[in-house]
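S.K.: Structure file structure_6.cif, mmCIF, C-alpha atoms and all ligand atoms, is pasted below:
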data_structure
#
loop_
_atom_site.label_atom_id
_atom_site.label_comp_id
_atom_site.auth_asym_id
_atom_site.auth_seq_id
_atom_site.Cartn_x
_atom_site.Cartn_y
_atom_site.Cartn_z
CA MET A 1 55.53 -53.66 -83.26
CA SER A 2 57.75 -53.42 -86.26
CA HIS A 3 59.69 -50.33 -87.19
CA SER A 4 60.92 -51.49 -90.54
CA PRO A 5 58.16 -50.29 -92.92
CA ARG A 6 58.15 -46.91 -91.31
CA ALA A 7 61.89 -46.82 -91.46
CA SER A 8 62.05 -47.60 -95.14
CA ARG A 9 59.27 -45.20 -96.03
CA LEU A 10 60.89 -42.41 -94.10
CA ALA A 11 64.28 -43.33 -95.43
CA SER A 12 62.98 -43.16 -99.00
CA ALA A 13 61.37 -39.81 -98.40
CA GLY A 14 64.47 -38.53 -96.66
CA HIS A 15 66.74 -39.68 -99.44
CA ALA A 16 64.50 -38.20 -102.12
CA LEU A 17 64.47 -34.88 -100.32
CA VAL A 18 68.19 -34.95 -99.72
CA ALA A 19 68.69 -35.66 -103.40
CA PHE A 20 66.49 -32.70 -104.19
CA GLY A 21 68.47 -30.48 -101.83
CA VAL A 22 71.78 -31.56 -103.28
CA LEU A 23 70.43 -31.14 -106.80
CA THR A 24 69.22 -27.67 -105.93
CA LEU A 25 72.61 -26.77 -104.54
CA MET A 26 74.37 -28.15 -107.61
CA LEU A 27 72.02 -26.25 -109.90
CA GLY A 28 72.72 -23.13 -107.93
CA LEU A 29 76.43 -23.63 -108.28
CA LEU A 30 76.10 -24.24 -112.00
CA LEU A 31 73.93 -21.23 -112.60
CA ALA A 32 75.87 -18.86 -110.41
CA PRO A 33 79.41 -19.99 -109.79
CA ALA A 34 80.61 -18.59 -106.52
CA ALA A 35 83.52 -18.84 -104.19
CA HIS A 36 81.87 -21.75 -102.40
CA ALA A 37 83.19 -25.16 -103.22
CA PRO A 38 80.49 -27.77 -103.69
CA ASN A 39 79.63 -29.37 -100.42
CA ALA A 40 81.50 -32.62 -100.34
CA ARG A 41 79.97 -35.70 -98.89
CA VAL A 42 80.96 -36.18 -95.33
CA HIS A 43 83.81 -38.52 -94.67
CA ALA A 44 82.54 -40.31 -91.63
CA GLU A 45 83.27 -43.73 -90.27
CA SER A 46 81.36 -44.97 -87.34
CA THR A 47 83.64 -46.74 -84.96
CA GLY A 48 81.02 -47.43 -82.38
CA GLY A 49 77.33 -47.59 -81.75
CA GLY A 50 76.70 -49.92 -84.65
CA GLY A 51 76.07 -47.07 -87.04
CA GLY A 52 72.54 -46.69 -85.77
CA GLY A 53 72.99 -43.17 -84.51
CA GLY A 54 72.50 -44.27 -80.94
CA ALA A 55 73.64 -41.99 -78.18
CA GLY A 56 77.14 -42.43 -76.91
CA GLY A 57 78.73 -43.56 -80.17
CA MET A 58 81.76 -42.06 -81.77
CA VAL A 59 82.20 -40.57 -85.21
CA ASN A 60 85.51 -39.79 -86.88
CA LEU A 61 85.49 -36.73 -89.09
CA THR A 62 88.49 -35.65 -91.13
CA VAL A 63 88.56 -32.09 -92.40
CA ASN A 64 91.31 -30.70 -94.59
CA ALA A 65 92.16 -27.00 -94.62
CA THR A 66 93.36 -25.75 -97.98
CA ASP A 67 94.65 -22.45 -99.28
CA ALA A 68 91.67 -22.05 -101.66
CA PRO A 69 90.88 -21.09 -98.84
CA ALA A 70 88.41 -23.81 -97.97
CA PHE A 71 87.53 -26.69 -95.71
CA VAL A 72 87.27 -30.00 -97.54
CA PRO A 73 84.69 -31.31 -96.96
CA ASN A 74 82.69 -28.34 -95.71
CA GLY A 75 79.55 -30.30 -94.92
CA LEU A 76 79.76 -32.66 -91.94
CA SER A 77 77.17 -34.72 -90.15
CA ALA A 78 77.09 -36.48 -86.80
CA PRO A 79 74.37 -37.69 -84.44
CA ALA A 80 73.52 -35.85 -81.25
CA GLY A 81 74.90 -37.56 -78.19
CA ASP A 82 77.89 -38.92 -80.07
CA ARG A 83 81.49 -38.01 -79.50
CA VAL A 84 83.02 -36.55 -82.64
CA ALA A 85 86.72 -37.19 -83.10
CA PHE A 86 87.94 -34.50 -85.44
CA HIS A 87 91.12 -34.93 -87.43
CA LEU A 88 92.16 -31.58 -88.86
CA VAL A 89 94.85 -31.41 -91.51
CA ASN A 90 96.33 -28.25 -92.98
CA GLN A 91 97.22 -29.16 -96.54
CA GLY A 92 98.20 -25.62 -97.42
CA ALA A 93 101.11 -23.28 -96.95
CA TYR A 94 99.20 -20.67 -94.95
CA ASN A 95 97.94 -20.63 -91.39
CA HIS A 96 94.31 -21.57 -90.86
CA THR A 97 92.09 -22.17 -87.86
CA PHE A 98 89.26 -24.61 -87.32
CA THR A 99 86.78 -22.76 -85.13
CA LEU A 100 83.44 -24.40 -84.43
CA SER A 101 80.47 -22.27 -83.38
CA THR A 102 78.40 -23.27 -80.37
CA ASN A 103 75.25 -21.68 -81.77
CA GLY A 104 73.44 -23.96 -84.21
CA SER A 105 70.84 -21.36 -85.09
CA VAL A 106 73.22 -18.76 -86.45
CA ILE A 107 74.63 -18.56 -89.94
CA LEU A 108 77.44 -16.05 -89.80
CA PRO A 109 77.17 -13.43 -92.54
CA ARG A 110 80.09 -13.45 -94.96
CA SER A 111 80.09 -9.68 -94.71
CA LEU A 112 81.43 -9.80 -91.13
CA SER A 113 84.82 -8.14 -90.84
CA PRO A 114 87.70 -10.20 -89.41
CA ALA A 115 87.47 -8.13 -86.21
CA ALA A 116 83.71 -8.65 -85.96
CA LEU A 117 84.14 -12.40 -86.49
CA ASP A 118 86.79 -12.53 -83.73
CA HIS A 119 84.47 -10.55 -81.50
CA TYR A 120 81.61 -12.95 -82.17
CA PHE A 121 83.65 -15.95 -81.03
CA GLN A 122 85.12 -14.11 -78.06
CA LYS A 123 81.60 -13.30 -76.93
CA ASN A 124 79.90 -16.60 -77.74
CA GLY A 125 82.69 -19.08 -77.36
CA SER A 126 83.43 -22.07 -79.56
CA TRP A 127 83.36 -25.83 -79.25
CA LEU A 128 86.75 -26.03 -80.85
CA ASN A 129 89.25 -23.38 -81.79
CA LEU A 130 92.44 -24.90 -83.12
CA SER A 131 95.16 -23.10 -84.97
CA LEU A 132 96.56 -25.08 -87.85
CA PRO A 133 99.98 -23.99 -89.03
CA PRO A 134 101.11 -25.30 -92.43
CA GLY A 135 101.39 -29.06 -92.37
CA ALA A 136 99.62 -29.42 -89.03
CA SER A 137 97.66 -32.56 -88.27
CA ARG A 138 95.65 -32.28 -85.09
CA PHE A 139 93.04 -34.32 -83.27
CA ALA A 140 90.29 -33.03 -81.00
CA ASN A 141 87.06 -34.41 -79.58
CA VAL A 142 83.68 -32.77 -79.15
CA THR A 143 80.64 -34.41 -77.60
CA LEU A 144 77.43 -33.23 -79.20
CA PRO A 145 74.68 -32.56 -76.64
CA ALA A 146 71.19 -33.89 -77.26
CA THR A 147 69.99 -30.30 -77.50
CA ALA A 148 72.11 -29.87 -80.63
CA ALA A 149 69.92 -32.22 -82.62
CA GLY A 150 68.51 -30.73 -85.77
CA LEU A 151 70.87 -27.77 -85.77
CA ALA A 152 73.77 -26.85 -88.03
CA PHE A 153 76.92 -25.53 -86.39
CA GLU A 154 79.16 -23.39 -88.53
CA PHE A 155 82.91 -23.76 -88.55
CA VAL A 156 85.21 -21.08 -89.88
CA SER A 157 88.81 -20.05 -90.19
CA LEU A 158 89.54 -16.97 -88.11
CA VAL A 159 92.63 -16.05 -90.09
CA PRO A 160 91.66 -12.65 -91.48
CA TYR A 161 89.75 -12.75 -94.76
CA GLN A 162 89.66 -16.54 -95.04
CA PHE A 163 86.08 -16.86 -93.73
CA GLN A 164 85.13 -13.90 -95.87
CA ALA A 165 86.56 -15.74 -98.90
CA GLY A 166 84.43 -18.77 -98.17
CA MET A 167 86.45 -20.78 -95.67
CA ALA A 168 83.52 -22.08 -93.67
CA GLY A 169 81.33 -25.11 -93.37
CA PHE A 170 78.60 -26.68 -91.29
CA LEU A 171 78.42 -29.57 -88.87
CA ASN A 172 74.88 -30.88 -89.06
CA VAL A 173 73.77 -32.63 -85.93
CA THR A 174 71.17 -35.26 -86.57
CA GLY A 175 68.72 -36.64 -84.09
CA ALA A 176 65.40 -35.79 -82.62
CA PRO A 177 65.08 -32.40 -80.94
CA THR A 178 61.76 -32.95 -79.19
CA GLY A 179 59.12 -35.58 -78.60
CA PRO A 180 57.72 -38.01 -81.12
CA GLY A 181 56.96 -36.45 -84.45
CA VAL A 182 58.39 -35.57 -87.79
CA VAL A 183 61.27 -33.19 -88.38
CA LEU A 184 61.43 -31.20 -91.59
CA GLY A 185 63.19 -28.12 -92.88
CA THR A 186 62.74 -25.36 -95.36
CA ASN A 187 64.51 -22.12 -96.24
CA ALA A 188 62.98 -18.70 -96.71
CA THR A 189 64.89 -17.04 -99.50
CA GLN A 190 65.42 -13.59 -100.87
CA SER A 191 63.63 -14.56 -104.08
CA LEU A 192 60.35 -14.75 -102.13
CA SER A 193 60.11 -18.49 -102.07
CA PHE A 194 60.47 -21.41 -99.70
CA VAL A 195 63.07 -23.98 -100.70
CA PRO A 196 61.85 -26.63 -100.82
CA ASP A 197 58.23 -25.56 -101.08
CA LEU A 198 56.90 -29.11 -101.00
CA LEU A 199 57.38 -30.97 -97.73
CA GLY A 200 56.22 -34.43 -96.81
CA ALA A 201 55.54 -36.12 -93.49
CA GLN A 202 54.35 -39.68 -92.92
CA PRO A 203 53.25 -39.87 -89.30
CA THR A 204 52.45 -43.26 -87.87
CA HIS A 205 49.64 -41.95 -85.69
CA TYR A 206 47.44 -38.89 -85.20
CA PRO A 207 47.57 -36.35 -83.78
CA ALA A 208 51.15 -36.07 -84.99
CA ALA A 209 53.77 -33.59 -83.87
CA ILE A 210 55.66 -31.95 -86.71
CA ASP A 211 58.73 -29.78 -86.30
CA VAL A 212 59.89 -27.66 -89.21
CA LEU A 213 63.22 -25.88 -89.02
CA VAL A 214 62.86 -22.71 -91.03
CA THR A 215 66.01 -20.85 -92.01
CA ASN A 216 66.05 -17.37 -93.44
CA VAL A 217 68.79 -17.45 -96.05
CA GLY A 218 67.64 -14.24 -97.71
CA SER A 219 68.09 -10.63 -96.67
CA LEU A 220 64.45 -9.73 -95.90
CA PRO A 221 62.20 -10.58 -92.96
CA HIS A 222 59.91 -13.55 -93.57
CA SER A 223 57.40 -15.67 -91.71
CA PHE A 224 56.43 -19.32 -91.88
CA THR A 225 52.71 -19.57 -91.31
CA ILE A 226 50.95 -22.88 -91.83
CA GLU A 227 47.21 -23.47 -91.84
CA SER A 228 45.55 -25.75 -89.31
CA GLN A 229 42.92 -27.13 -91.67
CA PRO A 230 44.18 -29.31 -94.51
CA ASN A 231 43.06 -29.00 -98.12
CA VAL A 232 42.06 -25.36 -97.83
CA THR A 233 43.66 -23.22 -100.52
CA LEU A 234 44.78 -19.89 -99.14
CA SER A 235 44.52 -16.72 -101.19
CA PRO A 236 46.93 -13.78 -101.01
CA THR A 237 43.94 -11.46 -100.73
CA SER A 238 41.90 -13.34 -98.13
CA PHE A 239 44.26 -15.50 -96.06
CA TYR A 240 43.98 -13.08 -93.18
CA ALA A 241 40.20 -13.62 -93.01
CA THR A 242 40.74 -17.37 -93.25
CA PHE A 243 43.15 -17.28 -90.31
CA LYS A 244 40.64 -15.27 -88.29
CA THR A 245 38.18 -18.16 -88.43
CA ALA A 246 40.81 -20.91 -88.32
CA PRO A 247 44.02 -19.70 -86.71
CA PRO A 248 47.24 -21.06 -88.21
CA ALA A 249 48.74 -24.22 -86.75
CA ALA A 250 52.03 -22.37 -86.45
CA ASN A 251 53.17 -18.86 -87.20
CA VAL A 252 56.82 -18.05 -86.66
CA SER A 253 58.59 -14.95 -87.88
CA LEU A 254 62.15 -14.71 -89.11
CA PRO A 255 62.91 -11.02 -88.92
CA ASN A 256 66.65 -11.51 -89.08
CA PRO A 257 68.47 -12.93 -92.09
CA GLY A 258 70.75 -15.81 -91.27
CA THR A 259 68.70 -17.22 -88.42
CA SER A 260 66.65 -20.36 -87.97
CA VAL A 261 63.43 -20.87 -86.06
CA TRP A 262 61.53 -24.03 -85.25
CA ALA A 263 57.85 -24.17 -86.15
CA ASN A 264 56.38 -26.85 -83.91
CA PHE A 265 52.78 -27.86 -84.39
CA THR A 266 50.37 -30.75 -84.36
CA VAL A 267 48.25 -32.10 -87.18
CA THR A 268 45.18 -34.15 -86.43
CA LYS A 269 44.65 -35.77 -89.81
CA PRO A 270 46.29 -36.44 -93.18
CA GLY A 271 45.95 -33.89 -95.94
CA VAL A 272 47.69 -31.02 -97.68
CA TYR A 273 48.57 -28.11 -95.42
CA GLU A 274 49.51 -24.88 -97.15
CA PHE A 275 52.14 -22.61 -95.64
CA ILE A 276 52.81 -19.01 -96.57
CA CYS A 277 54.94 -16.01 -95.70
CA GLU A 278 52.74 -13.35 -94.15
CA VAL A 279 55.08 -10.45 -94.84
CA GLU A 280 53.26 -7.94 -97.02
CA GLY A 281 53.39 -8.87 -100.69
CA HIS A 282 55.44 -12.04 -100.27
CA PHE A 283 52.61 -14.58 -100.63
CA ALA A 284 51.24 -12.66 -103.60
CA ASN A 285 54.67 -13.02 -105.19
CA GLY A 286 54.74 -16.76 -104.77
CA MET A 287 56.04 -17.28 -101.27
CA ASP A 288 54.03 -20.32 -100.27
CA GLY A 289 54.33 -24.08 -100.16
CA TYR A 290 52.59 -27.28 -99.17
CA LEU A 291 53.12 -29.87 -96.50
CA TYR A 292 51.81 -33.29 -97.55
CA VAL A 293 50.86 -35.26 -94.46
CA GLY A 294 50.25 -38.96 -94.94
CA LEU A 295 50.31 -38.45 -98.68
CA PRO A 296 53.04 -38.78 -101.29
CA VAL A 297 54.79 -35.54 -102.14
CA PRO A 298 54.29 -34.75 -105.83
CA ALA A 299 57.42 -34.82 -107.96
CA VAL A 300 58.72 -31.40 -108.86
CA SER A 301 58.16 -31.37 -112.61
CA THR A 302 59.82 -28.12 -113.59
CA PRO A 303 62.46 -26.90 -111.15
CA SER A 304 62.29 -23.15 -111.22
CA THR A 305 65.47 -21.17 -111.58
CA THR A 306 64.09 -18.77 -109.02
CA ILE A 307 64.88 -21.30 -106.34
CA VAL A 308 68.58 -21.20 -107.12
CA ALA A 309 69.09 -17.49 -106.96
CA PRO A 310 72.68 -16.48 -106.17
CA GLU A 311 71.85 -15.44 -102.63
CA LEU A 312 71.03 -19.05 -101.93
CA LEU A 313 74.65 -19.89 -102.43
CA GLU A 314 75.49 -17.82 -99.42
CA GLY A 315 73.31 -20.30 -97.61
CA GLY A 316 74.95 -23.28 -99.26
CA GLY A 317 75.66 -24.72 -95.88
CA ALA A 318 72.10 -24.07 -94.91
CA LEU A 319 70.91 -26.03 -97.90
CA LEU A 320 73.07 -28.93 -96.94
CA GLY A 321 71.77 -28.51 -93.45
CA LEU A 322 68.31 -28.81 -94.85
CA GLY A 323 69.12 -32.13 -96.42
CA VAL A 324 70.49 -33.45 -93.21
CA VAL A 325 67.57 -32.24 -91.20
CA LEU A 326 65.31 -34.09 -93.60
CA VAL A 327 67.31 -37.24 -93.13
CA VAL A 328 66.39 -36.97 -89.51
CA ALA A 329 62.88 -37.90 -90.60
CA ALA A 330 64.37 -41.23 -91.59
CA THR A 331 65.99 -41.75 -88.25
CA LEU A 332 62.91 -41.12 -86.21
CA LEU A 333 63.25 -44.60 -84.89
CA GLY A 334 65.78 -43.09 -82.56
CA ARG A 335 62.92 -41.43 -80.74
CA PHE A 336 61.23 -44.68 -79.96
CA PRO A 337 62.14 -47.74 -78.00
CA GLY A 338 64.43 -49.86 -80.08
CA ARG A 339 67.00 -47.13 -80.53
CA GLY A 340 69.80 -48.38 -82.71
CA SER A 341 67.57 -49.68 -85.47
CA ALA A 342 68.84 -49.27 -88.98
CA ALA A 343 69.39 -45.70 -90.09
CA PRO A 344 70.36 -44.72 -93.62
CA PRO A 345 74.08 -45.36 -93.93
CA PRO A 346 76.33 -42.43 -94.70
CA HIS A 347 77.13 -42.46 -98.41
CU CU B 1 58.64 -13.59 -96.99
#
Go ahead and express the file in the form of structure tokens.

M.R.:
Amino acid sequence: MSHSPRASRLASAGHALVAFGVLTLMLGLLLAPAAHAPNARVHAESTGGGGGGGAGGMVNLTVNATDAPAFVPNGLSAPAGDRVAFHLVNQGAYNHTFTLSTNGSVILPRSLSPAALDHYFQKNGSWLNLSLPPGASRFANVTLPATAAGLAFEFVSLVPYQFQAGMAGFLNVTGAPTGPGVVLGTNATQSLSFVPDLLGAQPTHYPAAIDVLVTNVGSLPHSFTIESQPNVTLSPTSFYATFKTAPPAANVSLPNPGTSVWANFTVTKPGVYEFICEVEGHFANGMDGYLYVGLPVPAVSTPSTTIVAPELLEGGGALLGLGVVLVVAATLLGRFPGRGSAAPPPH
């Protein structure tokens, strides 16, 4: 059996969605300039594993600490199972730290005080915690466990008020978190919308497992509730009755801002599956979206400014994480025999 057509289709979809995510982020930055630097493309060279994302490879990542204060780049990506060789360079005149969270489901709120941030890492530990005096150039290795796949691990500077000023970034770990299927992502935002609100999956067989990583980047509770029957349009006034006859395929709640939850479900046939937020009033105010299974995802004709509300910028890393999670859809080959097949090269 040949993997190539699937690979290229998934790669195209992944790239299109990544482009959309990056575009969204750029729009957000243009419309609401914030302390966040634009997420730079990851500087990654594969020195092993043939670049196919196979387990046991090694990835070199260079991160510069500046006095902005910022990490450059602040968006990194590496496959699960690989050893990441970090090279950390302090280009500034102040002390910084490079402190990498071990919890890929937590986005640390910028409002945390320096003491609270210290406390968080004392309690939860870190994969790396290096102090970087001015001019320092340090190397350290981290091996990413398979369970890290699909998650985004935040790194921060613990020097007081640097994280709070935006000195943070995300290491996105690519790879397949569970069995065969399709991995997608979306963000629940404060502006009562899902970003993106159009998802696409091209399974090669049915029933197909689909995993959606949903991140709450807003400040309100949300849910991600997706119907089990395709091509049924839900109504804000009657969706509850619809779900009584046909229970949702998945229904996960995100009560806490800054957290991510996986919605794992199975679809039995192609079609358009609508997903909504069940929190009172949210669907009525536009908080819904569509998952296109086995069908092309329609182009977004008129990007709405509501999807680039300022609060999204606080989840800038999450948005980049979204893009990387979507790329995982293009590397699904890794789940099947023939691991090491072509994956989209890092740009
Ligand atoms: Cu909601």

S.K.: For ligand CU 1 (chain B), which residue among A:Asn216, A:Thr233, A:Thr204, A:Thr242 is the nearest when counting only C-alpha atoms and all ligand atoms?

M.R.: A:Asn216

S.K.: Per residue of chain A within 6 Å of ligand CU 1 (chain B), note the shortest atom pair and the distance in Å to one decimal, counting all atoms listed in the file, and order the rows by chain and increasing residue number, as JSON lines.

M.R.:
{"residue": "A:Leu192", "atom": "CA", "partner": "B:CU1", "partner_atom": "CU", "distance": 5.5}
{"residue": "A:His222", "atom": "CA", "partner": "B:CU1", "partner_atom": "CU", "distance": 3.6}
{"residue": "A:Ser223", "atom": "CA", "partner": "B:CU1", "partner_atom": "CU", "distance": 5.8}
{"residue": "A:Cys277", "atom": "CA", "partner": "B:CU1", "partner_atom": "CU", "distance": 4.6}
{"residue": "A:Val279", "atom": "CA", "partner": "B:CU1", "partner_atom": "CU", "distance": 5.2}
{"residue": "A:His282", "atom": "CA", "partner": "B:CU1", "partner_atom": "CU", "distance": 4.8}

S.K.: Please produce an output containing C-alpha atoms for each residue in the selection, written as a PDB file, in the coordinates of the input.

M.R.:
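Output file part04.pdb is given in full below:
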ATOM      1  CA  LEU A 192      60.350 -14.750-102.130  1.00  0.00           C
ATOM      2  CA  HIS A 222      59.910 -13.550 -93.570  1.00  0.00           C
ATOM      3  CA  SER A 223      57.400 -15.670 -91.710  1.00  0.00           C
ATOM      4  CA  CYS A 277      54.940 -16.010 -95.700  1.00  0.00           C
ATOM      5  CA  VAL A 279      55.080 -10.450 -94.840  1.00  0.00           C
ATOM      6  CA  HIS A 282      55.440 -12.040-100.270  1.00  0.00           C
TER       7      HIS A 282
END

S.K.: Select, from A:Ala78, A:Ile210, A:Ala241, A:Val195, the residue with the minimum atom-to-atom distance to A:Gly286, counting all atoms listed in the file.

M.R.: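 The shortest atom-to-atom distance to A:Gly286 comes from A:Val195.
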
S.K.: From the set A:Gly271, A:Gly218, A:Gly125, A:Pro298, which residue has the shortest atom-to-atom contact distance to A:Gln190, counting only C-alpha atoms?

M.R.: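 Of A:Gly271, A:Gly218, A:Gly125, A:Pro298, the one nearest A:Gln190 is A:Gly218, counting only C-alpha atoms.
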
S.K.: Restricting the calculation to only C-alpha atoms, which member of A:Ile226, A:Thr99, A:Tyr273, A:Asn231 is positioned closest to A:Asn251?

M.R.: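 That would be A:Ile226, the residue with the smallest distance to A:Asn251.
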
S.K.: My list of candidates is A:Ser235, A:Asn264, A:Thr143, A:Asn285. Which is closest to A:Arg83 when distances are computed with all atoms listed in the file?

M.R.: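 So, comparing all the options, the nearest one is A:Thr143.
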
S.K.: Ranking A:Thr225, A:Asn103, A:Gln162, A:Gln122 by minimum distance to A:Tyr290 and counting only C-alpha atoms, which one comes first?

M.R.: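 Selected residue with least distance to A:Tyr290: A:Thr225.
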
S.K.: Residues at most 7 Å from A:His96, counting all atoms listed in the file, excluding those fewer than 2 positions away in the same chain, as a list in words?

M.R.: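 Using all atoms listed in the file, the neighbours found are Ala65, Tyr94, Phe98, Ser131, Leu132, Pro133, Ser157 and Val159 of chain A.
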
S.K.: Using only C-alpha atoms, which residues sit within 10 Å of A:Phe239 once same-chain residues fewer than 3 positions away are excluded, as a short mmCIF file (atom, residue, chain, number, x, y, z; two decimals) with C-alpha atoms, keeping the file's coordinate frame?

M.R.:
data_model
loop_
_atom_site.label_atom_id
_atom_site.label_comp_id
_atom_site.auth_asym_id
_atom_site.auth_seq_id
_atom_site.Cartn_x
_atom_site.Cartn_y
_atom_site.Cartn_z
CA GLU A 227 47.21 -23.47 -91.84
CA THR A 233 43.66 -23.22 -100.52
CA LEU A 234 44.78 -19.89 -99.14
CA SER A 235 44.52 -16.72 -101.19
CA PRO A 236 46.93 -13.78 -101.01
CA THR A 242 40.74 -17.37 -93.25
CA PHE A 243 43.15 -17.28 -90.31
CA LYS A 244 40.64 -15.27 -88.29
CA ILE A 276 52.81 -19.01 -96.57
CA GLU A 278 52.74 -13.35 -94.15
CA PHE A 283 52.61 -14.58 -100.63
#

S.K.: Determine, counting all atoms listed in the file, which protein, DNA and RNA residues have an atom within 8 Å of an atom of A:Ser219; residues of the same chain fewer than 5 positions away are not included. Present the result as an NGL selection string.

M.R.: :A and (189-190 or 256-258)

S.K.: My structure is short of atoms at stretch 216-227 of chain A; please model N, CA, C and O atoms there, returning them as a PDB file, in the frame of the given file.

M.R.:
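Printed below is out24.pdb as written:
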ATOM      1  N   ASN A 216      66.111 -18.525 -92.548  1.00  0.00           N
ATOM      2  CA  ASN A 216      66.050 -17.370 -93.440  1.00  0.00           C
ATOM      3  C   ASN A 216      67.404 -17.181 -94.094  1.00  0.00           C
ATOM      4  O   ASN A 216      68.343 -16.699 -93.468  1.00  0.00           O
ATOM      5  N   VAL A 217      67.505 -17.587 -95.351  1.00  0.00           N
ATOM      6  CA  VAL A 217      68.790 -17.450 -96.050  1.00  0.00           C
ATOM      7  C   VAL A 217      68.759 -16.232 -96.980  1.00  0.00           C
ATOM      8  O   VAL A 217      69.664 -16.041 -97.785  1.00  0.00           O
ATOM      9  N   GLY A 218      67.706 -15.441 -96.891  1.00  0.00           N
ATOM     10  CA  GLY A 218      67.640 -14.240 -97.710  1.00  0.00           C
ATOM     11  C   GLY A 218      68.090 -13.028 -96.923  1.00  0.00           C
ATOM     12  O   GLY A 218      68.795 -13.158 -95.919  1.00  0.00           O
ATOM     13  N   SER A 219      67.680 -11.844 -97.378  1.00  0.00           N
ATOM     14  CA  SER A 219      68.090 -10.630 -96.670  1.00  0.00           C
ATOM     15  C   SER A 219      66.879  -9.857 -96.158  1.00  0.00           C
ATOM     16  O   SER A 219      67.027  -8.786 -95.593  1.00  0.00           O
ATOM     17  N   LEU A 220      65.679 -10.400 -96.346  1.00  0.00           N
ATOM     18  CA  LEU A 220      64.450  -9.730 -95.900  1.00  0.00           C
ATOM     19  C   LEU A 220      63.834 -10.499 -94.744  1.00  0.00           C
ATOM     20  O   LEU A 220      64.094 -11.682 -94.580  1.00  0.00           O
ATOM     21  N   PRO A 221      62.975  -9.831 -93.960  1.00  0.00           N
ATOM     22  CA  PRO A 221      62.200 -10.580 -92.960  1.00  0.00           C
ATOM     23  C   PRO A 221      61.188 -11.479 -93.660  1.00  0.00           C
ATOM     24  O   PRO A 221      60.691 -11.154 -94.740  1.00  0.00           O
ATOM     25  N   HIS A 222      60.931 -12.641 -93.052  1.00  0.00           N
ATOM     26  CA  HIS A 222      59.910 -13.550 -93.570  1.00  0.00           C
ATOM     27  C   HIS A 222      59.146 -14.151 -92.394  1.00  0.00           C
ATOM     28  O   HIS A 222      59.558 -14.026 -91.241  1.00  0.00           O
ATOM     29  N   SER A 223      58.056 -14.850 -92.723  1.00  0.00           N
ATOM     30  CA  SER A 223      57.400 -15.670 -91.710  1.00  0.00           C
ATOM     31  C   SER A 223      57.119 -17.033 -92.322  1.00  0.00           C
ATOM     32  O   SER A 223      57.146 -17.200 -93.547  1.00  0.00           O
ATOM     33  N   PHE A 224      56.898 -17.993 -91.452  1.00  0.00           N
ATOM     34  CA  PHE A 224      56.430 -19.320 -91.880  1.00  0.00           C
ATOM     35  C   PHE A 224      55.119 -19.528 -91.145  1.00  0.00           C
ATOM     36  O   PHE A 224      55.093 -19.657 -89.922  1.00  0.00           O
ATOM     37  N   THR A 225      54.045 -19.494 -91.899  1.00  0.00           N
ATOM     38  CA  THR A 225      52.710 -19.570 -91.310  1.00  0.00           C
ATOM     39  C   THR A 225      51.965 -20.701 -92.001  1.00  0.00           C
ATOM     40  O   THR A 225      51.789 -20.674 -93.217  1.00  0.00           O
ATOM     41  N   ILE A 226      51.565 -21.701 -91.221  1.00  0.00           N
ATOM     42  CA  ILE A 226      50.950 -22.880 -91.830  1.00  0.00           C
ATOM     43  C   ILE A 226      49.524 -23.046 -91.312  1.00  0.00           C
ATOM     44  O   ILE A 226      49.243 -22.858 -90.123  1.00  0.00           O
ATOM     45  N   GLU A 227      48.627 -23.371 -92.214  1.00  0.00           N
ATOM     46  CA  GLU A 227      47.210 -23.470 -91.840  1.00  0.00           C
ATOM     47  C   GLU A 227      46.965 -24.701 -90.981  1.00  0.00           C
ATOM     48  O   GLU A 227      47.709 -25.671 -91.023  1.00  0.00           O
TER      49      GLU A 227
END
